[in-house]
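> Take this structure first; my questions come after.
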Amino acid sequence: MKFFRISMMVGMVLLLLASNALAHFGMVIPERDQVTQEDKSLGLTLSFSHPFEGHGMDLVKPEKFDVYFEGKATSLLETLKPATVMDHKAWTAEYAVKRPGMYTFVMEPKAYPEPAEDNYIIHYTKTVVDAFEGGEEWNQPLGIKTEIVPLTRPFGNYAGNVFQGVVLVDGEPAPYVRVEVEYYNQDGSREAPTGRMITQEVLADGNGVFTFACPWKGWWGFAALTDADYKIEGKDVELGAVLWVEMQ
Ligand SMILES: [Cu+2]
């Protein structure tokens, strides 16, 4: 009986370790992907999580948190307030939208040391919000280290739509890059029939373009993963270009 209990515990720890090794996602989730005249204040939540399973990791205060509007970046770092997401350290912000157009929120986190993979992880994470139906130039790169530039409009989408984007690293398309996709299973209502189905995977093509059809309503995260051309304390650095898109 005692042996059974111990082996069950060992099994659970292994399971936990295994699931911790699954996909991490930088997360920048706004309350919604469109701002209307009725509600111009936009709450945003920043975290570092396993969005499907609802496992969190601590997110220390990011290196940068910017909003891009009409090509100009403004820092929102000082507006961040500590919060808790999935039982871990996270951040929230409140942003008052004033003018019509498109607002892109970008988090650059501090490098996250991942003991399970013996590396560091930096996910450049962005999301795009349309204000008063004024968002037009949604396919322009911001010029950050790595990013997904949408080829599908990144707001106002139906569940079931195909989403396409091009992965850029240092401003150049990144061919055959692996893109991990996860659903933000916020209320825990979705269950993956097998462990393999928690994270979906697609490859970009030779031009860095990837395609994925999002089956459910809610937020979908795309993480295009590459190895940095530098190391931190002798360890590899995984760079992620992460984009969050809502399907309604
Ligand atoms: Cu993790």
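Chain lettering (A, B, ...) mirrors the order of the structure tokens, residue numbering begins at 1 for each chain separately, and ligand numbering begins at 1 in order of display.
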Give me, as JSON lines, each residue of chain A that comes within 12 Å of ligand 1, together with its shortest interatomic pair and the distance in Å at one decimal, counting only C-alpha atoms and all ligand atoms, with rows ordered by chain and rising residue number.

{"residue": "A:Leu16", "atom": "CA", "partner": "ligand 1", "partner_atom_place_in_ligand_line": "1 (Cu)", "distance": 10.2}
{"residue": "A:Leu17", "atom": "CA", "partner": "ligand 1", "partner_atom_place_in_ligand_line": "1 (Cu)", "distance": 9.2}
{"residue": "A:Ala18", "atom": "CA", "partner": "ligand 1", "partner_atom_place_in_ligand_line": "1 (Cu)", "distance": 10.0}
{"residue": "A:Ser19", "atom": "CA", "partner": "ligand 1", "partner_atom_place_in_ligand_line": "1 (Cu)", "distance": 8.0}
{"residue": "A:Asn20", "atom": "CA", "partner": "ligand 1", "partner_atom_place_in_ligand_line": "1 (Cu)", "distance": 4.7}
{"residue": "A:Ala21", "atom": "CA", "partner": "ligand 1", "partner_atom_place_in_ligand_line": "1 (Cu)", "distance": 6.3}
{"residue": "A:Leu22", "atom": "CA", "partner": "ligand 1", "partner_atom_place_in_ligand_line": "1 (Cu)", "distance": 6.9}
{"residue": "A:Ala23", "atom": "CA", "partner": "ligand 1", "partner_atom_place_in_ligand_line": "1 (Cu)", "distance": 7.1}
{"residue": "A:His24", "atom": "CA", "partner": "ligand 1", "partner_atom_place_in_ligand_line": "1 (Cu)", "distance": 5.3}
{"residue": "A:Phe25", "atom": "CA", "partner": "ligand 1", "partner_atom_place_in_ligand_line": "1 (Cu)", "distance": 8.3}
{"residue": "A:Gly26", "atom": "CA", "partner": "ligand 1", "partner_atom_place_in_ligand_line": "1 (Cu)", "distance": 10.3}
{"residue": "A:Ser47", "atom": "CA", "partner": "ligand 1", "partner_atom_place_in_ligand_line": "1 (Cu)", "distance": 11.3}
{"residue": "A:Phe48", "atom": "CA", "partner": "ligand 1", "partner_atom_place_in_ligand_line": "1 (Cu)", "distance": 7.8}
{"residue": "A:Ser49", "atom": "CA", "partner": "ligand 1", "partner_atom_place_in_ligand_line": "1 (Cu)", "distance": 6.3}
{"residue": "A:His50", "atom": "CA", "partner": "ligand 1", "partner_atom_place_in_ligand_line": "1 (Cu)", "distance": 6.3}
{"residue": "A:Pro51", "atom": "CA", "partner": "ligand 1", "partner_atom_place_in_ligand_line": "1 (Cu)", "distance": 10.0}
{"residue": "A:Phe52", "atom": "CA", "partner": "ligand 1", "partner_atom_place_in_ligand_line": "1 (Cu)", "distance": 11.8}
{"residue": "A:Glu53", "atom": "CA", "partner": "ligand 1", "partner_atom_place_in_ligand_line": "1 (Cu)", "distance": 10.5}
{"residue": "A:Gly54", "atom": "CA", "partner": "ligand 1", "partner_atom_place_in_ligand_line": "1 (Cu)", "distance": 10.4}
{"residue": "A:His55", "atom": "CA", "partner": "ligand 1", "partner_atom_place_in_ligand_line": "1 (Cu)", "distance": 7.3}
{"residue": "A:Gly56", "atom": "CA", "partner": "ligand 1", "partner_atom_place_in_ligand_line": "1 (Cu)", "distance": 6.8}
{"residue": "A:Met57", "atom": "CA", "partner": "ligand 1", "partner_atom_place_in_ligand_line": "1 (Cu)", "distance": 5.8}
{"residue": "A:Asp58", "atom": "CA", "partner": "ligand 1", "partner_atom_place_in_ligand_line": "1 (Cu)", "distance": 9.2}
{"residue": "A:Leu59", "atom": "CA", "partner": "ligand 1", "partner_atom_place_in_ligand_line": "1 (Cu)", "distance": 10.8}
{"residue": "A:Met86", "atom": "CA", "partner": "ligand 1", "partner_atom_place_in_ligand_line": "1 (Cu)", "distance": 11.6}
{"residue": "A:His88", "atom": "CA", "partner": "ligand 1", "partner_atom_place_in_ligand_line": "1 (Cu)", "distance": 11.1}
{"residue": "A:Tyr112", "atom": "CA", "partner": "ligand 1", "partner_atom_place_in_ligand_line": "1 (Cu)", "distance": 9.8}
{"residue": "A:Pro113", "atom": "CA", "partner": "ligand 1", "partner_atom_place_in_ligand_line": "1 (Cu)", "distance": 10.2}
{"residue": "A:Glu114", "atom": "CA", "partner": "ligand 1", "partner_atom_place_in_ligand_line": "1 (Cu)", "distance": 7.6}
{"residue": "A:Pro115", "atom": "CA", "partner": "ligand 1", "partner_atom_place_in_ligand_line": "1 (Cu)", "distance": 9.7}
{"residue": "A:Ala116", "atom": "CA", "partner": "ligand 1", "partner_atom_place_in_ligand_line": "1 (Cu)", "distance": 8.6}
{"residue": "A:Glu117", "atom": "CA", "partner": "ligand 1", "partner_atom_place_in_ligand_line": "1 (Cu)", "distance": 10.0}
{"residue": "A:Tyr120", "atom": "CA", "partner": "ligand 1", "partner_atom_place_in_ligand_line": "1 (Cu)", "distance": 11.6}
{"residue": "A:Ile121", "atom": "CA", "partner": "ligand 1", "partner_atom_place_in_ligand_line": "1 (Cu)", "distance": 10.1}
> Skip A:Leu203 itself and residues of its chain fewer than 3 positions away, then list as a PyMOL selection string all residues within 7 Å of it, counting only C-alpha atoms.
chain A and resi 176-179+210
> Can you tell me, as number ranges by chain, what residues are no more than 10 Å from A:Met197 when counting only C-alpha atoms, ignoring any on the same chain fewer than 5 positions away?
A: 52, 182, 191-192
> Give me, as a PDB file with N, CA and C atoms, in the first residue's frame, all polymer residues having an atom no more than 12 Å from A:Gly101, counting only C-alpha atoms and skipping those fewer than 3 positions away in the same chain.

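Okay, part35.pdb is ready:
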ATOM      1  N   GLN A  34     -11.287  44.650 -29.559  1.00  0.00           N
ATOM      2  CA  GLN A  34     -11.812  45.868 -30.180  1.00  0.00           C
ATOM      3  C   GLN A  34     -12.317  46.812 -29.096  1.00  0.00           C
ATOM      4  N   VAL A  35     -12.024  48.091 -29.295  1.00  0.00           N
ATOM      5  CA  VAL A  35     -12.487  49.108 -28.351  1.00  0.00           C
ATOM      6  C   VAL A  35     -13.580  49.923 -29.041  1.00  0.00           C
ATOM      7  N   THR A  36     -14.683  50.149 -28.313  1.00  0.00           N
ATOM      8  CA  THR A  36     -15.800  50.902 -28.878  1.00  0.00           C
ATOM      9  C   THR A  36     -16.030  52.176 -28.071  1.00  0.00           C
ATOM     10  N   TYR A  68       2.289  50.490 -29.382  1.00  0.00           N
ATOM     11  CA  TYR A  68       2.627  51.134 -30.654  1.00  0.00           C
ATOM     12  C   TYR A  68       1.348  51.700 -31.255  1.00  0.00           C
ATOM     13  N   PHE A  69       1.413  52.985 -31.598  1.00  0.00           N
ATOM     14  CA  PHE A  69       0.272  53.633 -32.264  1.00  0.00           C
ATOM     15  C   PHE A  69       0.833  54.535 -33.357  1.00  0.00           C
ATOM     16  N   GLU A  70       0.348  54.331 -34.572  1.00  0.00           N
ATOM     17  CA  GLU A  70       0.829  55.086 -35.739  1.00  0.00           C
ATOM     18  C   GLU A  70       2.353  55.101 -35.798  1.00  0.00           C
ATOM     19  N   GLY A  71       2.926  53.926 -35.578  1.00  0.00           N
ATOM     20  CA  GLY A  71       4.372  53.759 -35.747  1.00  0.00           C
ATOM     21  C   GLY A  71       5.220  54.247 -34.586  1.00  0.00           C
ATOM     22  N   VAL A  97      -7.881  54.363 -24.288  1.00  0.00           N
ATOM     23  CA  VAL A  97      -7.775  54.584 -25.728  1.00  0.00           C
ATOM     24  C   VAL A  97      -8.463  55.903 -26.070  1.00  0.00           C
ATOM     25  N   LYS A  98      -7.771  56.771 -26.799  1.00  0.00           N
ATOM     26  CA  LYS A  98      -8.346  58.081 -27.107  1.00  0.00           C
ATOM     27  C   LYS A  98      -8.711  58.242 -28.574  1.00  0.00           C
ATOM     28  N   THR A 104      -0.956  48.292 -30.815  1.00  0.00           N
ATOM     29  CA  THR A 104      -0.241  47.026 -30.649  1.00  0.00           C
ATOM     30  C   THR A 104       0.527  47.070 -29.334  1.00  0.00           C
ATOM     31  N   VAL A 128      -2.868  42.831 -30.808  1.00  0.00           N
ATOM     32  CA  VAL A 128      -3.293  44.010 -31.554  1.00  0.00           C
ATOM     33  C   VAL A 128      -4.758  44.307 -31.251  1.00  0.00           C
ATOM     34  N   VAL A 129      -5.040  45.563 -30.909  1.00  0.00           N
ATOM     35  CA  VAL A 129      -6.412  45.956 -30.579  1.00  0.00           C
ATOM     36  C   VAL A 129      -6.861  47.049 -31.542  1.00  0.00           C
ATOM     37  N   ASP A 130      -8.051  46.878 -32.078  1.00  0.00           N
ATOM     38  CA  ASP A 130      -8.630  47.846 -33.006  1.00  0.00           C
ATOM     39  C   ASP A 130      -9.500  48.830 -32.221  1.00  0.00           C
ATOM     40  N   ALA A 131      -9.316  50.123 -32.483  1.00  0.00           N
ATOM     41  CA  ALA A 131     -10.129  51.123 -31.784  1.00  0.00           C
ATOM     42  C   ALA A 131     -11.056  51.830 -32.763  1.00  0.00           C
ATOM     43  N   PHE A 132     -12.320  51.777 -32.467  1.00  0.00           N
ATOM     44  CA  PHE A 132     -13.370  52.472 -33.232  1.00  0.00           C
ATOM     45  C   PHE A 132     -13.312  52.109 -34.727  1.00  0.00           C
ATOM     46  N   GLU A 133     -12.970  50.855 -34.990  1.00  0.00           N
ATOM     47  CA  GLU A 133     -12.891  50.329 -36.357  1.00  0.00           C
ATOM     48  C   GLU A 133     -11.924  51.122 -37.219  1.00  0.00           C
ATOM     49  N   GLY A 134     -10.874  51.655 -36.594  1.00  0.00           N
ATOM     50  CA  GLY A 134      -9.910  52.487 -37.328  1.00  0.00           C
ATOM     51  C   GLY A 134      -8.603  51.799 -37.655  1.00  0.00           C
ATOM     52  N   GLY A 135      -8.455  50.531 -37.298  1.00  0.00           N
ATOM     53  CA  GLY A 135      -7.189  49.826 -37.531  1.00  0.00           C
ATOM     54  C   GLY A 135      -7.018  49.435 -38.984  1.00  0.00           C
ATOM     55  N   GLU A 136      -5.989  49.906 -39.615  1.00  0.00           N
ATOM     56  CA  GLU A 136      -5.786  49.629 -41.042  1.00  0.00           C
ATOM     57  C   GLU A 136      -4.467  48.919 -41.345  1.00  0.00           C
ATOM     58  N   GLU A 137      -3.370  49.500 -40.933  1.00  0.00           N
ATOM     59  CA  GLU A 137      -2.050  48.998 -41.341  1.00  0.00           C
ATOM     60  C   GLU A 137      -1.595  47.868 -40.428  1.00  0.00           C
ATOM     61  N   TRP A 138      -2.421  46.826 -40.333  1.00  0.00           N
ATOM     62  CA  TRP A 138      -2.134  45.763 -39.371  1.00  0.00           C
ATOM     63  C   TRP A 138      -1.071  44.786 -39.839  1.00  0.00           C
TER      64      TRP A 138
END
> Using only C-alpha atoms, which protein or nucleic acid residues come within 12 Å of A:Thr74? Drop anything in the same chain fewer than 6 positions from it, and give the result as a VMD selection string.
chain A and resid 64 to 68 95 103 to 107
